[in-house]
Every structure is written in structure tokens, then in C-alpha cells.
Amino acid sequence: MIGYTLSWVKLEEVLRRKPEAIGVLPIGSFEQHGYHLPFSTDSMVAWRLANMVEQMLPEKVILFPPIVYACSSEHRGFPGTVWVDYHVFIDYTRCVVESLFEAGFRSVAVINAHGGNVQALSVLQRMVNLSGRHSAKVYVFNLTEFRELTAKVFDRSPTLQHAGYSETSMLEYICPECVDHEGLARMEPEDFKTASKEVFTIHPTRDVSKSGVVDDSEPFQAGDKKRGELLLTEIAGAIAKKLSEL
């Protein structure tokens with residue numbers, strides 16, 4: 001069910017009839033994604049995953065609009081990247097989740113497609129679930145939890161990547177017109193070999209990658225739309241399965 005199309009009385013009625021309904025909250029980012037992908041890549045992926053989960057469980061979940069501006073300071077220095085401080089993001093998201101609790105939801109599922117939000121969402125989950133203030137619970141599903149599945153779908157070892165082959169492939173499926181193939185053509189071979197263990201924690205992306213891509217792959221000029229679709233379908237199915245068991 002699509003929550004943002006409902007009136008408050010309709011939502012109240014739905015929750016009265018289905019008190020076990022789960023609120024689904026997608027979270028992404030607005031940050032650079034190389035020469036070839038849009039700022040909203042993570043938000044688009046989170047939104048598509050959440051929509052796929054809603055389509056799989058239309059009677060079980062209620063979908064809410066995404067949180068877009070999030071923890072992206074690791075990408076500062078690239079014009080257009082927008083970030084908020086970690087404590088601001090945690091407090092803001094907590095307010096959103098707790099307002100859904102107050103509306104009557106016993107469970108809220110966060111679907112997060114940005115790696116920079118993972119640690120903050122872990123803190124949020126502990127703050128909310130272990131505070132003793134609520135009987136309701138928040139569940140967090142991070143795209144990064146599915147690295148082994150990503151490796152299987154793309155037939156490569158799991159690696160830290162940002163704006164690399166797998167994200168490009170997901171965007172080729174979600175919004176093919178959003179992938180700038182001229183931007184990809186600008187990249188040099190060394191731009192595809194920018195993975196670093198210290199990037200995102202000690203060094204910002206700008207220090208290790210002039211293009212903004214963080215990956216360790218062979219050069220590519222396009223993603224694989226079919227594999228991107230398969231990956232999203234598999235992840236959405238795994239999330240839907242867990243939610244169906246709540």
C-alpha cells in the first residue's frame with residue numbers, strides 16, 4: 001500500500017484493520033556518483049527497492065516517501081553533494097520513525113541504499129529499540145548487507161564500491177536515461193582502480209579518486225541492465241521474506 005496517497009483517516013482505518021502493518025521508509029543520499037551517475041542514485045535505488053517490496057507485500061507494508069539528504073560528508077569537495085552531520089541525521093530519522101510509531105505502527109522497516117548511513121542507522125536502531133520508551137521496533141535493511149549476493153549476481157569478488165559496475169547496472173535498469181555514457185567515456189583506466197581500505201573513514205573520496213568512482217574493476221562503458229534488475233529483485237525478495245515473518 002502506498003502511504004503517501006492516503007488521507008489520515010484512511011491510514012487510521014487501515015491500521016485499525018491491520019495493526020500488524022509495517023511502515024517502510026527508504027533512505028538514500030544526494031551525493032556525487034562519478035562522471036556518469038546522478039546525485040540521487042542511492043535514493044533512486046532505495047525507492048525502487050521499497051516499491052518492489054511493497055508490490056511483493058501489498059497487504060503487509062505501507063510505503064512512505066524517502067529521506068534523501070543524509071550522511072555524505074565523505075564526498076565533500078565534489079560540487080552538488082549535500083550532507084548533514086551524523087547526529088542531525090540520527091535525530092531527524094528517529095523523529096520520523098517515532099512519529100510513525102505514534103501513528104500506530106508497531107514496526108517500521110528502513111531500507112537504506114547508502115553505505116555512509118550504515119553506522120548512523122545502527123546507532124539509531126539501538127537508541128529506538130533499546131530505550132524502553134517503545135514497544136514498537138525499527139528494523140534496518142542495508143544494501144551493504146547483500147555484498148555476497150552482489151558478488152554472485154555479477155560474478156566477481158565482493159568489494160567496496162561507489163558508482164562502480166553494480167550501481168551503474170542498477171541505474172541502467174531503474175533509469176537508463178540517467179546513466180551518462182559520455183561521462184563514462186571520459187574515465188581513464190586508472191579511474192576504475194580506486195578502491196582503498198581507508199577511503200570513507202580516514203580519507204575522503206576526493207583524495208583517492210578524481211572521478212568520484214571508488215571501485216576495483218575492469219573498465220566498462222555501460223552497466224548490465226539485466227543483472228541490475230536481477231540484483232534488485234533478489235534483494236527485494238530477501239527483504240520481503242524477512243518482513244513477512246514479522
# chains A, B, ... in the order shown; residues from 1 in each chain; ligands from 1
>>> residues_around(residues="stretch 75-81 of chain A", least_positions_apart="2", cutoff="12 Å", atoms="only C-alpha atoms", output="ChimeraX atom specification")
/A:29-35,38-41,68-73,83-84,115-116,162-163,199-201,203-214
>>> residues_around(residues="stretch 140-143 of chain A", least_positions_apart="3", cutoff="8 Å", atoms="only C-alpha atoms", output="PyMOL selection string")
chain A and resi 109-115+118+121-122+125+146-147+239
>>> write_last_selection(atoms="C-alpha atoms", output="PDB file, in the first residue's frame")
ATOM      1  CA  ALA A 109      11.375  -1.067   8.213  1.00  0.00           C
ATOM      2  CA  VAL A 110      14.155   1.183   6.939  1.00  0.00           C
ATOM      3  CA  ILE A 111      15.563   0.285   3.508  1.00  0.00           C
ATOM      4  CA  ASN A 112      18.907   2.075   3.190  1.00  0.00           C
ATOM      5  CA  ALA A 113      20.898   2.201  -0.045  1.00  0.00           C
ATOM      6  CA  HIS A 114      23.777   4.458   1.088  1.00  0.00           C
ATOM      7  CA  GLY A 115      26.819   2.968   2.785  1.00  0.00           C
ATOM      8  CA  VAL A 118      25.029   2.368   7.936  1.00  0.00           C
ATOM      9  CA  LEU A 121      21.405   3.778  11.418  1.00  0.00           C
ATOM     10  CA  SER A 122      22.938   1.180  13.729  1.00  0.00           C
ATOM     11  CA  GLN A 125      18.256   1.323  15.890  1.00  0.00           C
ATOM     12  CA  PHE A 146      23.985  -8.053   0.342  1.00  0.00           C
ATOM     13  CA  ARG A 147      27.592  -7.925  -0.872  1.00  0.00           C
ATOM     14  CA  ILE A 239      13.736  -8.164   2.476  1.00  0.00           C
TER      15      ILE A 239
END
>>> residues_around(residues="A:Asp91", least_positions_apart="5", cutoff="10 Å", atoms="only C-alpha atoms", output="short mmCIF file (atom, residue, chain, number, x, y, z; two decimals) with N, CA and C atoms, in the first residue's frame")
data_model
loop_
_atom_site.label_atom_id
_atom_site.label_comp_id
_atom_site.auth_asym_id
_atom_site.auth_seq_id
_atom_site.Cartn_x
_atom_site.Cartn_y
_atom_site.Cartn_z
N TYR A 86 26.19 13.62 11.32
CA TYR A 86 25.66 12.33 11.76
C TYR A 86 24.62 12.48 12.85
N VAL A 96 11.27 10.82 12.59
CA VAL A 96 10.40 10.26 11.56
C VAL A 96 9.86 8.91 12.01
N VAL A 97 10.76 8.05 12.49
CA VAL A 97 10.36 6.70 12.92
C VAL A 97 9.38 6.78 14.09
N ALA A 120 25.36 5.18 11.34
CA ALA A 120 24.39 6.06 11.98
C ALA A 120 23.07 5.33 12.22
N LEU A 124 20.96 4.58 15.60
CA LEU A 124 19.53 4.89 15.66
C LEU A 124 18.73 3.69 16.12
N MET A 127 19.20 3.17 19.77
CA MET A 127 18.54 4.23 20.54
C MET A 127 17.04 3.99 20.64
#
>>> select_by_dssp(residues="stretch 62-198 of chain A", states="strand (DSSP E)", output="list of chain:residue names")
A:Ile62, A:Leu63, A:Ser107, A:Val108, A:Ala109, A:Val110, A:Ile111, A:Asn112, A:Lys137, A:Val138, A:Tyr139, A:Val140, A:Phe141, A:Asn142
>>> write_last_selection(atoms="C-alpha atoms", output="PDB file, in the first residue's frame")
ATOM      1  CA  ILE A  62       2.722   0.779   3.787  1.00  0.00           C
ATOM      2  CA  LEU A  63       5.292   2.731   1.810  1.00  0.00           C
ATOM      3  CA  SER A 107       7.053  -1.965  13.145  1.00  0.00           C
ATOM      4  CA  VAL A 108       8.967   0.321  10.786  1.00  0.00           C
ATOM      5  CA  ALA A 109      11.375  -1.067   8.213  1.00  0.00           C
ATOM      6  CA  VAL A 110      14.155   1.183   6.939  1.00  0.00           C
ATOM      7  CA  ILE A 111      15.563   0.285   3.508  1.00  0.00           C
ATOM      8  CA  ASN A 112      18.907   2.075   3.190  1.00  0.00           C
ATOM      9  CA  LYS A 137      10.508  -1.709  16.758  1.00  0.00           C
ATOM     10  CA  VAL A 138      12.535  -0.344  13.866  1.00  0.00           C
ATOM     11  CA  TYR A 139      14.231  -2.811  11.511  1.00  0.00           C
ATOM     12  CA  VAL A 140      17.082  -1.721   9.248  1.00  0.00           C
ATOM     13  CA  PHE A 141      17.992  -3.296   5.917  1.00  0.00           C
ATOM     14  CA  ASN A 142      21.212  -2.005   4.368  1.00  0.00           C
TER      15      ASN A 142
END
>>> closest_residue(among="A:Phe64, A:Gly228, A:Gly237, A:Lys18", to="A:Tyr4", atoms="only C-alpha atoms")
A:Phe64
>>> select_by_dssp(residues="stretch 7-243 of chain A", states="helix (DSSP H, G or I)", output="ChimeraX atom specification")
/A:8-17,41-56,73-75,86-103,115-129,143-154,165-174,176-178,181-186,189-192,205-208,225-243
>>> atom_distance(atom1="atom CA of A:Lys10", atom2="atom CA of A:Arg94")
24.2 Å
>>> atom_distance(atom1="atom CA of A:Pro189", atom2="atom CA of A:Ser217")
9.5 Å
>>> residues_around(residues="A:Val153", least_positions_apart="3", cutoff="8 Å", atoms="only C-alpha atoms", output="list in words")
Leu149, Thr150, Arg227, Leu230 and Leu231 of chain A
>>> write_last_selection(atoms="N, CA and C atoms", output="compact mmCIF listing (two decimals), in the first residue's frame")
# COMPACT_ATOMS: atom_id res chain seq x y z
N LEU A 149 25.61 -11.54 -2.24
CA LEU A 149 24.64 -11.69 -3.32
C LEU A 149 25.07 -10.87 -4.53
N THR A 150 25.55 -9.65 -4.29
CA THR A 150 26.03 -8.80 -5.38
C THR A 150 27.18 -9.48 -6.12
N ARG A 227 21.43 -7.75 -15.15
CA ARG A 227 21.98 -8.10 -13.84
C ARG A 227 21.56 -7.09 -12.78
N LEU A 230 18.14 -8.14 -11.81
CA LEU A 230 18.20 -9.37 -11.03
C LEU A 230 18.64 -9.08 -9.60
N LEU A 231 19.65 -8.24 -9.45
CA LEU A 231 20.14 -7.92 -8.11
C LEU A 231 19.04 -7.25 -7.29
>>> closest_residue(among="A:Val45, A:Ile2, A:Leu243, A:Ala222", to="A:Ala185", atoms="only C-alpha atoms")
A:Ala222
>>> closest_residue(among="A:Leu246, A:Ile90, A:Val123, A:Ile174", to="A:Arg106", atoms="only C-alpha atoms")
A:Leu246
>>> residues_around(residues="A:Gly164", least_positions_apart="3", cutoff="6 Å", atoms="only C-alpha atoms", output="list in words")
Gln161, Glu167 and Asp215 of chain A
>>> residues_around(residues="A:Lys241", least_positions_apart="3", cutoff="12 Å", atoms="only C-alpha atoms", output="JSON, numbers by chain")
{"A": [53, 54, 56, 57, 60, 234, 235, 236, 237, 238, 244, 245, 246]}
>>> write_last_selection(atoms="C-alpha atoms", output="PDB file, in the first residue's frame")
ATOM      1  CA  VAL A  53       8.905  -4.809  -1.556  1.00  0.00           C
ATOM      2  CA  GLU A  54       5.520  -3.057  -1.437  1.00  0.00           C
ATOM      3  CA  MET A  56       5.501  -8.162  -3.124  1.00  0.00           C
ATOM      4  CA  LEU A  57       3.642  -7.471   0.142  1.00  0.00           C
ATOM      5  CA  LYS A  60       1.537  -6.140   4.677  1.00  0.00           C
ATOM      6  CA  GLU A 234      16.785 -10.717  -5.299  1.00  0.00           C
ATOM      7  CA  ILE A 235      17.409  -8.105  -2.597  1.00  0.00           C
ATOM      8  CA  ALA A 236      13.759  -7.019  -2.549  1.00  0.00           C
ATOM      9  CA  GLY A 237      12.723 -10.667  -2.272  1.00  0.00           C
ATOM     10  CA  ALA A 238      15.065 -11.239   0.668  1.00  0.00           C
ATOM     11  CA  SER A 244       6.602 -11.437   6.018  1.00  0.00           C
ATOM     12  CA  GLU A 245       7.927 -13.283   9.055  1.00  0.00           C
ATOM     13  CA  LEU A 246       7.485 -10.366  11.466  1.00  0.00           C
TER      14      LEU A 246
END
>>> closest_residue(among="A:Glu177, A:Glu218, A:Glu172, A:Glu102", to="A:Leu232", atoms="only C-alpha atoms")
A:Glu172
